[in-house]
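Asker: So here's my_file.cif, just mmCIF, C-alpha atoms and all ligand atoms:
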data_work
#
loop_
_atom_site.label_atom_id
_atom_site.label_comp_id
_atom_site.auth_asym_id
_atom_site.auth_seq_id
_atom_site.Cartn_x
_atom_site.Cartn_y
_atom_site.Cartn_z
CA MET A 1 44.10 -99.51 22.03
CA LYS A 2 42.80 -97.33 24.89
CA PHE A 3 40.41 -94.41 24.46
CA ASN A 4 42.82 -91.45 24.43
CA THR A 5 44.98 -93.17 21.81
CA LYS A 6 41.91 -94.07 19.77
CA THR A 7 40.79 -90.45 19.44
CA ILE A 8 44.07 -89.76 17.64
CA HIS A 9 44.90 -93.05 15.91
CA GLY A 10 41.80 -95.30 15.98
CA LYS A 11 41.09 -96.69 12.48
CA GLN A 12 43.26 -93.82 11.15
CA SER A 13 46.29 -93.95 8.89
CA PRO A 14 48.18 -91.38 6.81
CA ASP A 15 46.57 -90.47 3.49
CA PRO A 16 47.66 -92.99 0.81
CA ALA A 17 48.39 -90.32 -1.85
CA TYR A 18 51.27 -88.39 -0.20
CA GLY A 19 51.32 -89.60 3.38
CA ALA A 20 49.49 -86.54 4.74
CA VAL A 21 49.01 -87.16 8.47
CA MET A 22 45.64 -85.43 8.38
CA PRO A 23 43.43 -86.45 5.44
CA PRO A 24 43.18 -83.69 2.83
CA ILE A 25 39.80 -82.00 2.35
CA TYR A 26 38.80 -83.88 -0.79
CA GLN A 27 36.60 -81.09 -2.13
CA THR A 28 35.43 -83.06 -5.15
CA THR A 29 32.12 -84.45 -6.35
CA THR A 30 33.46 -87.15 -8.62
CA TYR A 31 36.48 -89.39 -9.32
CA ALA A 32 38.13 -90.28 -12.66
CA GLN A 33 37.56 -93.81 -13.94
CA SER A 34 39.99 -95.58 -16.30
CA THR A 35 37.18 -97.71 -17.75
CA PRO A 36 33.48 -97.83 -16.72
CA GLY A 37 33.57 -99.00 -13.09
CA GLY A 38 37.39 -98.76 -13.02
CA HIS A 39 37.83 -96.47 -9.97
CA LYS A 40 39.92 -96.41 -6.79
CA GLY A 41 37.05 -96.98 -4.37
CA PHE A 42 35.26 -93.68 -4.85
CA GLU A 43 32.72 -92.81 -7.55
CA TYR A 44 30.56 -89.93 -6.37
CA SER A 45 30.78 -87.96 -3.13
CA ARG A 46 27.21 -88.53 -1.95
CA SER A 47 28.02 -92.25 -1.88
CA SER A 48 31.47 -91.82 -0.34
CA ASN A 49 34.26 -89.30 -0.01
CA PRO A 50 37.77 -89.97 1.38
CA THR A 51 37.64 -87.16 3.99
CA ARG A 52 34.20 -88.26 5.19
CA GLN A 53 35.36 -91.87 5.24
CA ALA A 54 38.34 -90.96 7.44
CA LEU A 55 35.92 -89.30 9.89
CA GLU A 56 33.44 -92.20 9.75
CA ASN A 57 36.27 -94.62 10.62
CA ALA A 58 37.30 -92.45 13.58
CA LEU A 59 33.68 -92.28 14.79
CA ALA A 60 33.41 -96.07 14.68
CA SER A 61 36.67 -96.40 16.62
CA ILE A 62 35.87 -94.03 19.51
CA GLU A 63 32.40 -95.58 20.03
CA ASN A 64 33.78 -99.12 19.98
CA GLY A 65 31.71 -99.84 16.88
CA GLU A 66 32.47 -101.28 13.46
CA PHE A 67 30.74 -98.79 11.16
CA GLY A 68 30.38 -94.99 11.32
CA LEU A 69 28.13 -92.77 9.22
CA ALA A 70 28.31 -88.97 9.10
CA PHE A 71 25.34 -86.74 8.26
CA GLY A 72 24.66 -83.05 7.65
CA SER A 73 23.25 -82.59 11.19
CA GLY A 74 22.27 -84.53 14.29
CA LEU A 75 18.65 -84.43 13.17
CA ALA A 76 19.60 -85.79 9.73
CA ALA A 77 21.22 -88.75 11.54
CA ILE A 78 18.06 -89.37 13.59
CA ASP A 79 15.98 -89.01 10.41
CA ALA A 80 18.03 -91.81 8.83
CA VAL A 81 17.37 -94.10 11.83
CA MET A 82 13.62 -93.45 11.63
CA LYS A 83 13.67 -94.39 7.93
CA LEU A 84 14.46 -97.97 9.00
CA LEU A 85 10.75 -98.06 9.99
CA LYS A 86 7.52 -98.55 8.03
CA PRO A 87 4.00 -97.16 8.52
CA GLY A 88 2.33 -98.95 11.41
CA ASP A 89 5.59 -99.42 13.34
CA GLU A 90 5.87 -98.10 16.88
CA VAL A 91 8.69 -96.38 18.77
CA ILE A 92 9.13 -95.97 22.51
CA SER A 93 11.07 -92.78 23.24
CA THR A 94 12.49 -91.03 26.28
CA SER A 95 9.90 -88.39 27.29
CA ASP A 96 12.22 -85.50 28.18
CA LEU A 97 14.24 -85.60 24.99
CA TYR A 98 15.88 -82.96 22.80
CA GLY A 99 13.14 -80.66 21.42
CA GLY A 100 14.24 -81.07 17.80
CA SER A 101 14.03 -84.87 18.09
CA TYR A 102 10.50 -84.54 19.54
CA ARG A 103 9.52 -82.24 16.66
CA LEU A 104 10.95 -84.65 14.05
CA PHE A 105 9.08 -87.60 15.60
CA THR A 106 5.71 -85.88 16.06
CA SER A 107 5.58 -83.38 13.16
CA ILE A 108 7.17 -85.54 10.45
CA PHE A 109 7.18 -89.27 11.25
CA GLU A 110 3.77 -89.45 12.95
CA GLY A 111 2.42 -88.09 9.64
CA PHE A 112 4.03 -91.08 7.90
CA GLY A 113 2.11 -93.49 10.11
CA ILE A 114 4.70 -94.22 12.79
CA LYS A 115 3.43 -94.16 16.37
CA PHE A 116 5.53 -92.76 19.21
CA HIS A 117 5.13 -93.42 22.93
CA PHE A 118 6.95 -90.84 25.07
CA VAL A 119 7.82 -92.58 28.31
CA ASN A 120 9.53 -91.53 31.53
CA MET A 121 12.38 -94.04 31.49
CA GLY A 122 13.59 -93.20 35.01
CA GLU A 123 12.14 -96.61 35.92
CA PRO A 124 13.14 -98.68 32.84
CA SER A 125 10.57 -101.42 33.53
CA THR A 126 7.93 -98.84 32.44
CA ILE A 127 9.20 -99.33 28.87
CA GLU A 128 7.90 -102.88 28.82
CA GLN A 129 4.29 -101.74 29.34
CA TYR A 130 4.38 -100.05 25.92
CA ILE A 131 5.90 -102.93 23.94
CA ASN A 132 3.68 -104.80 21.50
CA ALA A 133 4.11 -106.69 18.22
CA LYS A 134 4.44 -103.38 16.31
CA THR A 135 7.27 -102.00 18.46
CA LYS A 136 10.47 -101.73 16.39
CA LEU A 137 12.67 -99.23 18.19
CA ILE A 138 13.46 -97.86 21.65
CA TRP A 139 14.96 -94.35 21.56
CA VAL A 140 17.00 -93.46 24.64
CA GLU A 141 18.54 -90.08 25.41
CA THR A 142 20.76 -89.90 28.49
CA PRO A 143 21.68 -87.61 30.21
CA THR A 144 18.52 -85.68 29.31
CA ASN A 145 18.21 -82.03 28.47
CA PRO A 146 17.91 -79.77 30.45
CA MET A 147 17.16 -81.74 33.65
CA LEU A 148 20.17 -84.10 33.45
CA ASN A 149 18.15 -87.21 34.26
CA ILE A 150 20.01 -90.48 33.70
CA ILE A 151 18.47 -93.57 32.09
CA ASP A 152 19.81 -97.03 32.86
CA VAL A 153 20.95 -98.13 29.37
CA LYS A 154 21.74 -101.74 30.41
CA ALA A 155 18.25 -102.21 31.86
CA ALA A 156 16.65 -100.73 28.72
CA VAL A 157 18.84 -102.98 26.53
CA ALA A 158 17.70 -106.07 28.45
CA ILE A 159 14.06 -105.20 27.63
CA ALA A 160 14.91 -104.48 23.96
CA LYS A 161 16.77 -107.80 23.59
CA LYS A 162 13.98 -109.78 25.27
CA HIS A 163 11.46 -108.41 22.75
CA LYS A 164 13.88 -108.31 19.76
CA VAL A 165 13.51 -104.55 19.33
CA LEU A 166 16.31 -102.18 18.22
CA LEU A 167 17.67 -99.78 20.81
CA ALA A 168 19.33 -96.46 19.92
CA VAL A 169 21.06 -94.04 22.28
CA ASP A 170 21.52 -90.32 21.67
CA ASN A 171 24.99 -90.01 23.19
CA THR A 172 25.44 -86.29 22.46
CA PHE A 173 25.68 -85.09 26.07
CA ALA A 174 27.95 -87.83 27.40
CA THR A 175 30.23 -88.49 24.38
CA PRO A 176 32.11 -91.82 24.19
CA TYR A 177 34.65 -90.38 26.65
CA LEU A 178 32.04 -90.76 29.41
CA GLN A 179 29.66 -93.42 28.10
CA GLN A 180 29.83 -96.13 25.43
CA PRO A 181 26.31 -97.36 24.68
CA LEU A 182 27.39 -100.08 22.20
CA GLU A 183 29.41 -101.65 25.02
CA LEU A 184 26.24 -101.59 27.14
CA GLY A 185 24.41 -103.51 24.38
CA ALA A 186 22.76 -100.73 22.35
CA ASP A 187 22.39 -101.32 18.59
CA ILE A 188 22.84 -97.73 17.40
CA VAL A 189 24.67 -94.72 18.85
CA MET A 190 23.68 -91.30 17.60
CA HIS A 191 25.48 -87.96 17.99
CA SER A 192 24.89 -84.37 17.29
CA ALA A 193 28.57 -83.95 16.37
CA THR A 194 27.75 -80.23 16.40
CA LYS A 195 28.32 -80.40 20.15
CA TYR A 196 31.26 -82.09 21.92
CA LEU A 197 32.67 -84.16 19.03
CA GLY A 198 33.22 -81.06 16.89
CA GLY A 199 33.79 -79.17 20.10
CA HIS A 200 34.53 -75.71 18.70
CA SER A 201 31.06 -74.37 17.80
CA ASP A 202 31.95 -74.18 14.12
CA VAL A 203 30.25 -77.20 12.48
CA VAL A 204 26.72 -78.63 12.35
CA MET A 205 26.94 -82.41 11.89
CA GLY A 206 25.40 -85.72 12.91
CA ALA A 207 26.72 -89.24 13.29
CA LEU A 208 25.61 -92.84 13.73
CA VAL A 209 27.76 -95.78 14.85
CA VAL A 210 26.78 -99.46 14.83
CA LYS A 211 28.44 -102.85 15.28
CA ASP A 212 26.15 -105.02 13.17
CA GLN A 213 27.02 -105.27 9.47
CA ALA A 214 23.46 -105.83 8.21
CA LEU A 215 22.22 -102.80 10.15
CA ALA A 216 25.16 -100.74 8.85
CA LYS A 217 24.23 -101.74 5.29
CA GLN A 218 20.64 -100.61 5.76
CA LEU A 219 21.74 -97.28 7.24
CA TYR A 220 24.33 -96.76 4.50
CA PHE A 221 21.62 -97.43 1.91
CA ILE A 222 19.47 -94.71 3.55
CA GLN A 223 22.42 -92.30 3.81
CA ASN A 224 23.12 -92.65 0.09
CA ALA A 225 19.50 -92.90 -1.09
CA CYS A 226 18.26 -89.90 0.92
CA GLY A 227 21.52 -87.96 0.66
CA ALA A 228 21.74 -86.07 3.99
CA ILE A 229 25.55 -86.30 4.04
CA CYS A 230 28.06 -83.80 5.44
CA GLY A 231 30.59 -82.00 3.26
CA PRO A 232 34.34 -82.81 3.26
CA GLN A 233 35.34 -79.51 4.93
CA ASP A 234 33.02 -80.24 7.86
CA ALA A 235 34.24 -83.84 8.02
CA PHE A 236 37.81 -82.53 8.34
CA LEU A 237 36.86 -80.15 11.16
CA VAL A 238 35.06 -82.82 13.21
CA LEU A 239 37.91 -85.27 12.68
CA ARG A 240 40.25 -82.60 14.05
CA GLY A 241 37.85 -82.00 16.95
CA ILE A 242 37.80 -85.70 17.88
CA LYS A 243 41.58 -85.73 18.27
CA THR A 244 41.31 -83.54 21.38
CA LEU A 245 37.98 -84.91 22.67
CA HIS A 246 39.55 -86.66 25.66
CA ILE A 247 41.47 -83.64 26.97
CA ARG A 248 38.55 -81.30 26.39
CA MET A 249 36.15 -83.69 28.16
CA GLN A 250 38.53 -84.06 31.09
CA ARG A 251 38.47 -80.28 31.58
CA HIS A 252 34.70 -80.03 30.94
CA CYS A 253 34.23 -82.57 33.76
CA GLU A 254 36.60 -80.76 36.16
CA ASN A 255 35.02 -77.37 35.50
CA GLY A 256 31.49 -78.82 35.55
CA LYS A 257 32.13 -80.28 39.01
CA ALA A 258 33.59 -77.02 40.34
CA VAL A 259 30.69 -74.96 38.97
CA ALA A 260 28.11 -77.43 40.34
CA GLU A 261 29.71 -77.29 43.78
CA TYR A 262 29.98 -73.49 43.75
CA LEU A 263 26.31 -73.12 42.79
CA ALA A 264 25.13 -75.69 45.35
CA ALA A 265 26.76 -73.61 48.10
CA HIS A 266 25.46 -70.25 46.80
CA PRO A 267 22.81 -68.65 49.07
CA LYS A 268 20.62 -67.56 46.13
CA VAL A 269 20.56 -70.99 44.45
CA GLU A 270 17.65 -73.34 45.12
CA SER A 271 18.62 -76.57 43.26
CA VAL A 272 21.49 -77.77 41.08
CA TYR A 273 20.87 -80.59 38.59
CA TRP A 274 24.16 -82.41 37.99
CA PRO A 275 24.44 -86.22 38.02
CA GLY A 276 27.72 -86.13 39.96
CA PHE A 277 26.00 -85.20 43.23
CA GLU A 278 25.26 -88.14 45.51
CA THR A 279 21.88 -86.52 46.14
CA HIS A 280 20.98 -86.72 42.41
CA PRO A 281 18.23 -89.38 42.17
CA ASN A 282 20.04 -91.27 39.37
CA HIS A 283 23.57 -90.87 40.76
CA PRO A 284 24.13 -94.64 41.27
CA ILE A 285 23.32 -95.38 37.59
CA ALA A 286 25.37 -92.42 36.39
CA LYS A 287 28.31 -93.73 38.41
CA GLU A 288 27.90 -97.20 36.95
CA GLN A 289 27.45 -96.42 33.25
CA MET A 290 29.50 -93.22 32.95
CA THR A 291 33.16 -92.60 33.73
CA GLY A 292 32.51 -88.96 34.68
CA PHE A 293 29.64 -86.50 34.94
CA GLY A 294 30.34 -83.99 32.19
CA GLY A 295 30.10 -80.25 31.87
CA MET A 296 26.34 -79.85 31.47
CA LEU A 297 24.23 -78.72 34.41
CA SER A 298 21.12 -76.73 35.26
CA PHE A 299 20.12 -74.76 38.34
CA THR A 300 17.21 -72.80 39.78
CA THR A 301 17.24 -69.76 42.05
CA LYS A 302 15.25 -69.09 45.22
CA GLY A 303 11.93 -67.34 44.62
CA ASN A 304 11.74 -68.84 41.10
CA ASN A 305 11.48 -65.44 39.41
CA TYR A 306 11.27 -65.39 35.57
CA LYS A 307 12.48 -61.78 35.19
CA GLU A 308 15.36 -62.28 37.63
CA ALA A 309 16.52 -65.36 35.67
CA ILE A 310 16.51 -63.32 32.44
CA LYS A 311 18.50 -60.56 34.18
CA THR A 312 21.00 -63.13 35.46
CA VAL A 313 21.70 -64.57 31.99
CA GLU A 314 21.98 -61.02 30.59
CA ARG A 315 24.58 -60.15 33.24
CA PHE A 316 26.96 -62.96 32.22
CA LYS A 317 30.20 -61.64 30.74
CA LEU A 318 32.11 -64.87 30.04
CA PHE A 319 29.22 -67.34 29.71
CA THR A 320 27.65 -66.49 26.34
CA LEU A 321 23.86 -66.46 26.21
CA ALA A 322 23.24 -68.83 23.29
CA GLU A 323 21.62 -72.04 22.10
CA SER A 324 23.81 -75.15 21.65
CA LEU A 325 26.41 -76.71 23.93
CA GLY A 326 29.59 -78.74 24.01
CA GLY A 327 32.02 -76.16 22.65
CA VAL A 328 35.23 -74.97 24.31
CA GLU A 329 33.48 -71.76 25.40
CA SER A 330 30.99 -71.63 28.27
CA LEU A 331 27.37 -71.03 27.26
CA ALA A 332 24.25 -70.24 29.28
CA GLY A 333 20.61 -70.67 28.33
CA HIS A 334 17.21 -69.93 29.86
CA PRO A 335 15.00 -72.86 28.73
CA ALA A 336 11.66 -71.26 29.76
CA SER A 337 12.18 -68.35 27.34
CA MET A 338 14.42 -70.08 24.77
CA THR A 339 14.42 -73.83 23.97
CA HIS A 340 11.17 -74.63 25.85
CA ALA A 341 9.27 -71.36 25.22
CA SER A 342 6.77 -73.08 22.91
CA ILE A 343 5.75 -75.60 25.60
CA PRO A 344 2.83 -74.44 27.84
CA LYS A 345 4.07 -73.32 31.28
CA ALA A 346 2.14 -76.03 33.15
CA ASP A 347 3.54 -78.76 30.89
CA ARG A 348 7.16 -77.61 31.05
CA GLU A 349 6.96 -77.19 34.83
CA LYS A 350 5.88 -80.82 35.19
CA THR A 351 9.30 -81.87 33.83
CA GLY A 352 11.17 -79.36 36.02
CA VAL A 353 11.61 -76.55 33.49
CA VAL A 354 10.51 -73.79 35.88
CA ASP A 355 10.85 -70.02 35.32
CA SER A 356 14.20 -69.64 37.09
CA LEU A 357 15.92 -72.66 35.51
CA ILE A 358 19.24 -71.78 33.85
CA ARG A 359 21.23 -74.33 31.84
CA LEU A 360 25.00 -74.11 31.60
CA SER A 361 27.39 -75.73 29.16
CA VAL A 362 30.57 -75.31 31.15
CA GLY A 363 33.54 -74.74 28.85
CA ILE A 364 37.27 -75.28 29.32
CA GLU A 365 38.30 -71.78 30.44
CA ASP A 366 40.12 -71.15 33.75
CA ILE A 367 37.70 -72.12 36.50
CA GLU A 368 38.50 -69.00 38.58
CA ASP A 369 37.21 -66.80 35.76
CA LEU A 370 34.05 -68.87 35.36
CA ILE A 371 33.28 -68.72 39.10
CA LYS A 372 33.94 -64.95 39.10
CA ASP A 373 31.41 -64.55 36.29
CA LEU A 374 28.77 -66.66 38.07
CA LYS A 375 29.35 -64.65 41.27
CA GLN A 376 28.79 -61.26 39.60
CA ALA A 377 25.82 -62.52 37.53
CA LEU A 378 24.03 -63.94 40.58
CA GLY A 379 24.73 -60.62 42.40
C1 LIG A 401 21.72 -80.65 19.31
C2 LIG A 401 21.15 -81.97 19.63
C3 LIG A 401 20.53 -82.76 18.64
C4 LIG A 401 20.33 -82.26 17.21
O1 LIG A 401 21.53 -82.11 16.55
P1 LIG A 401 21.78 -81.00 15.39
O2 LIG A 401 23.20 -81.20 15.05
O3 LIG A 401 21.47 -79.66 15.99
O4 LIG A 401 20.83 -81.35 14.28
C5 LIG A 401 20.07 -84.01 19.01
N1 LIG A 401 20.19 -84.46 20.27
C6 LIG A 401 20.77 -83.73 21.25
C7 LIG A 401 20.88 -84.30 22.62
C8 LIG A 401 21.27 -82.46 20.97
O5 LIG A 401 21.83 -81.74 21.95
#
Mind turning this structure into structure tokens?
Answerer:
Amino acid sequence: MKFNTKTIHGKQSPDPAYGAVMPPIYQTTTYAQSTPGGHKGFEYSRSSNPTRQALENALASIENGEFGLAFGSGLAAIDAVMKLLKPGDEVISTSDLYGGSYRLFTSIFEGFGIKFHFVNMGEPSTIEQYINAKTKLIWVETPTNPMLNIIDVKAAVAIAKKHKVLLAVDNTFATPYLQQPLELGADIVMHSATKYLGGHSDVVMGALVVKDQALAKQLYFIQNACGAICGPQDAFLVLRGIKTLHIRMQRHCENGKAVAEYLAAHPKVESVYWPGFETHPNHPIAKEQMTGFGGMLSFTTKGNNYKEAIKTVERFKLFTLAESLGGVESLAGHPASMTHASIPKADREKTGVVDSLIRLSVGIEDIEDLIKDLKQALG
């Protein structure tokens, strides 16, 4: 089965009760038993729920995995992965990763005795310098936020396999439409399903997908033992979102390209960070491991003026100034005053988050309207 068909039919079948084509929202905590242990596969909804199971099957299918697990948020999914580890274990992580992941690693798991090395993975061989007998996990996020750097997943996998270390990929930005980390050899794929998988800015959810049964068992044990599951209503919404993932992503990519090209030609724009440009330093890897370049991009303006950048994002009429990404509507953000405001100026500027940087999540509206909005906002 090919990808577009999988989003709609992959590991899916009509509901066994009445043949409902979409699974009902099984808003129930428990399931009647005829005799102790005599149930129809479901006992208690933390352990499993039919609506969540339908979603977890779909997640496994679109990522070319065997087992899917859905959580209450993207961070809850990452939390479950980290609970595979024990005090004394070490993790090598992408350095310019999602701020919430960084906070979880440093403010929670470092306190539990896990050591993190934050490494610029632009040159994957750098990873190897940090591997020792205590290394248990390599955490890769690509493309990165907000600079849209691309990490060579295959090269990182080769290092992980050589040293028998697990490798996980945060695939939130790319989605399986553009990039399938399990196919590239990763052990775990993670999603903030809040973003493109849900796709409509109405659900907070996380997901994990794996191929290996023993690893799936461990993660399922954690999911049930720690209990950070999603509810059935949210599972229904994300399952519905997945069914249009491919057509949404197609349009996100088309609009992302058009916006990137418009901005690159604009006299007030200094730089545009979008992996589809041949001038992007990681373009060759992006081209190899991704089937498109997505709808996320960042840009800076000439003069690098903080106040002017704030004015620009305030002037947007169609792009909504907001956190988050991956929904059908276009969003804009100013990392220096929003997501990265807590990072000292000198530190954030080292990674490219300068005062005038604006990040766009390009939605699926008519491109003419989006360009018109950018034109008036840039003045
Ligand atoms: C949003 C996001 C997360 C966290 O997911 P939540 O659903 O907000 O908990 C993790 N990684 C990336 C890349 C994200 O964009």
Asker: Which one is closest to Glu63 in chain A: A:Gln129, A:Thr320, A:Thr172, A:Ser337? Count only C-alpha atoms.
Answerer: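 The shortest atom-to-atom distance to Glu63 in chain A comes from A:Thr172.
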Asker: So that I can see what lies close to Phe316 in chain A, please list as a ChimeraX atom specification the residues with an atom at most 9 Å from it, counting only C-alpha atoms and leaving out residues fewer than 6 positions away in the same chain.
Answerer: /A:332,373-374,376-378
Asker: Here's a test: counting only C-alpha atoms, identify every protein, DNA and RNA residue with an atom at most 10 Å from (15.0, -65.9, 25.4) in the file's coordinate frame, and state them as a ChimeraX atom specification.
Answerer: /A:310,313-314,321-323,333-341
Asker: From the options A:Pro176, A:Gly294, A:Gly99, A:Pro281, which residue's atoms come nearest to Ser342 in chain A, counting all atoms listed in the file?
Answerer: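 Closest residue, counting all atoms listed in the file: A:Gly99.
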Asker: Grab me every residue within 7 Å of ligand LIG 401 (chain A), counting all atoms listed in the file, and send it over as number ranges by chain.
Answerer: A: 73-76, 98, 100-101, 141, 145, 170, 172-173, 191-195, 204-206, 324
Asker: Which one is closest to Leu167 in chain A: A:Leu137, A:Val354, A:Met147, A:Val119? Count all atoms listed in the file.
Answerer: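 Closest candidate: A:Leu137.
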Asker: Under the rule that only C-alpha atoms are counted, which of A:Phe299, A:Phe293, A:Tyr44, A:Tyr18 is the nearest residue to Ala264 in chain A?
Answerer: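 Smallest distance to Ala264 in chain A is found for A:Phe299.
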Asker: For range 5-16 of chain A, find every residue with an atom within 6 Å (counting all atoms listed in the file), except residues of its own chain fewer than 2 positions away, and show them as a VMD selection string.
Answerer: chain A and resid 2 to 3 18 to 21 23 57 to 58 61 242 to 243
Asker: Keeping only C-alpha atoms, write the selected residues as a PDB file, keeping the file's coordinate frame.
Answerer:
ATOM      1  CA  LYS A   2      42.800 -97.330  24.890  1.00  0.00           C
ATOM      2  CA  PHE A   3      40.410 -94.410  24.460  1.00  0.00           C
ATOM      3  CA  TYR A  18      51.270 -88.390  -0.200  1.00  0.00           C
ATOM      4  CA  GLY A  19      51.320 -89.600   3.380  1.00  0.00           C
ATOM      5  CA  ALA A  20      49.490 -86.540   4.740  1.00  0.00           C
ATOM      6  CA  VAL A  21      49.010 -87.160   8.470  1.00  0.00           C
ATOM      7  CA  PRO A  23      43.430 -86.450   5.440  1.00  0.00           C
ATOM      8  CA  ASN A  57      36.270 -94.620  10.620  1.00  0.00           C
ATOM      9  CA  ALA A  58      37.300 -92.450  13.580  1.00  0.00           C
ATOM     10  CA  SER A  61      36.670 -96.400  16.620  1.00  0.00           C
ATOM     11  CA  ILE A 242      37.800 -85.700  17.880  1.00  0.00           C
ATOM     12  CA  LYS A 243      41.580 -85.730  18.270  1.00  0.00           C
TER      13      LYS A 243
END
Asker: May I have the residues within 7 Å of range 246-248 of chain A as a list in words, using only C-alpha atoms and disregarding those fewer than 4 positions away in the same chain?
Answerer: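 The residues satisfying every condition are Asn4, Tyr177, His252 and Ile364 of chain A.
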Asker: Enter the distance from CA of Val189 in chain A to CA of Asn132 in chain A, in Å, rounded to one decimal.
Answerer: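 One can read the CA of Val189 in chain A to CA of Asn132 in chain A distance as 23.4 Å.
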Asker: What's the separation between CA of Met296 in chain A and CA of Thr126 in chain A, in Å to one decimal place?
Answerer: 26.5 Å
Asker: Would you list the contacts of Phe105 in chain A as a PyMOL selection string, taking every protein, DNA or RNA residue within 10 Å and counting all atoms listed in the file, but skipping same-chain residues closer than 4 positions in sequence?
Answerer: chain A and resi 78-79+82+91+93+99-101+109-112+114-116
Asker: Which residues are close to Gly68 in chain A, i.e. within 12 Å by all atoms listed in the file, leaving aside same-chain residues fewer than 5 positions away? Reply as an MDAnalysis selection string.
Answerer: chainID A and resid 11 52:63 77 188:191 206:213 215:217 219:220 223
Asker: Could the residues in this selection be written to a file with C-alpha atoms, as a PDB file, in the coordinates of the input?
Answerer:
ATOM      1  CA  LYS A  11      41.090 -96.690  12.480  1.00  0.00           C
ATOM      2  CA  ARG A  52      34.200 -88.260   5.190  1.00  0.00           C
ATOM      3  CA  GLN A  53      35.360 -91.870   5.240  1.00  0.00           C
ATOM      4  CA  ALA A  54      38.340 -90.960   7.440  1.00  0.00           C
ATOM      5  CA  LEU A  55      35.920 -89.300   9.890  1.00  0.00           C
ATOM      6  CA  GLU A  56      33.440 -92.200   9.750  1.00  0.00           C
ATOM      7  CA  ASN A  57      36.270 -94.620  10.620  1.00  0.00           C
ATOM      8  CA  ALA A  58      37.300 -92.450  13.580  1.00  0.00           C
ATOM      9  CA  LEU A  59      33.680 -92.280  14.790  1.00  0.00           C
ATOM     10  CA  ALA A  60      33.410 -96.070  14.680  1.00  0.00           C
ATOM     11  CA  SER A  61      36.670 -96.400  16.620  1.00  0.00           C
ATOM     12  CA  ILE A  62      35.870 -94.030  19.510  1.00  0.00           C
ATOM     13  CA  GLU A  63      32.400 -95.580  20.030  1.00  0.00           C
ATOM     14  CA  ALA A  77      21.220 -88.750  11.540  1.00  0.00           C
ATOM     15  CA  ILE A 188      22.840 -97.730  17.400  1.00  0.00           C
ATOM     16  CA  VAL A 189      24.670 -94.720  18.850  1.00  0.00           C
ATOM     17  CA  MET A 190      23.680 -91.300  17.600  1.00  0.00           C
ATOM     18  CA  HIS A 191      25.480 -87.960  17.990  1.00  0.00           C
ATOM     19  CA  GLY A 206      25.400 -85.720  12.910  1.00  0.00           C
ATOM     20  CA  ALA A 207      26.720 -89.240  13.290  1.00  0.00           C
ATOM     21  CA  LEU A 208      25.610 -92.840  13.730  1.00  0.00           C
ATOM     22  CA  VAL A 209      27.760 -95.780  14.850  1.00  0.00           C
ATOM     23  CA  VAL A 210      26.780 -99.460  14.830  1.00  0.00           C
ATOM     24  CA  LYS A 211      28.440-102.850  15.280  1.00  0.00           C
ATOM     25  CA  ASP A 212      26.150-105.020  13.170  1.00  0.00           C
ATOM     26  CA  GLN A 213      27.020-105.270   9.470  1.00  0.00           C
ATOM     27  CA  LEU A 215      22.220-102.800  10.150  1.00  0.00           C
ATOM     28  CA  ALA A 216      25.160-100.740   8.850  1.00  0.00           C
ATOM     29  CA  LYS A 217      24.230-101.740   5.290  1.00  0.00           C
ATOM     30  CA  LEU A 219      21.740 -97.280   7.240  1.00  0.00           C
ATOM     31  CA  TYR A 220      24.330 -96.760   4.500  1.00  0.00           C
ATOM     32  CA  GLN A 223      22.420 -92.300   3.810  1.00  0.00           C
TER      33      GLN A 223
END
Asker: Would you compute the distance between CA of Arg46 in chain A and CA of Asp234 in chain A? Give it in Å to one decimal.
Answerer: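 Going from CA of Arg46 in chain A over to CA of Asp234 in chain A, I get 14.1 Å.
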Asker: From the options A:Val328, A:Leu166, A:Ala228, A:Val272, which residue's atoms come nearest to Gly241 in chain A, counting all atoms listed in the file?
Answerer: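 The shortest atom-to-atom distance to Gly241 in chain A comes from A:Val328.
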Asker: Fix up range 149-153 of chain A with N, CA, C and O atoms, then write it as a short mmCIF file (atom, residue, chain, number, x, y, z; two decimals), keeping the file's coordinate frame.
Answerer:
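Dumped everything to out-v7.cif:
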data_model
loop_
_atom_site.label_atom_id
_atom_site.label_comp_id
_atom_site.auth_asym_id
_atom_site.auth_seq_id
_atom_site.Cartn_x
_atom_site.Cartn_y
_atom_site.Cartn_z
N ASN A 149 18.56 -85.91 33.74
CA ASN A 149 18.15 -87.21 34.26
C ASN A 149 18.99 -88.28 33.57
O ASN A 149 19.43 -88.10 32.44
N ILE A 150 19.20 -89.40 34.26
CA ILE A 150 20.01 -90.48 33.70
C ILE A 150 19.14 -91.72 33.53
O ILE A 150 18.39 -92.08 34.44
N ILE A 151 19.24 -92.34 32.36
CA ILE A 151 18.47 -93.57 32.09
C ILE A 151 19.43 -94.75 32.10
O ILE A 151 20.53 -94.68 31.53
N ASP A 152 19.00 -95.81 32.74
CA ASP A 152 19.81 -97.03 32.86
C ASP A 152 19.81 -97.76 31.50
O ASP A 152 18.85 -98.45 31.15
N VAL A 153 20.89 -97.58 30.74
CA VAL A 153 20.95 -98.13 29.37
C VAL A 153 20.93 -99.67 29.40
O VAL A 153 20.22 -100.30 28.62
#
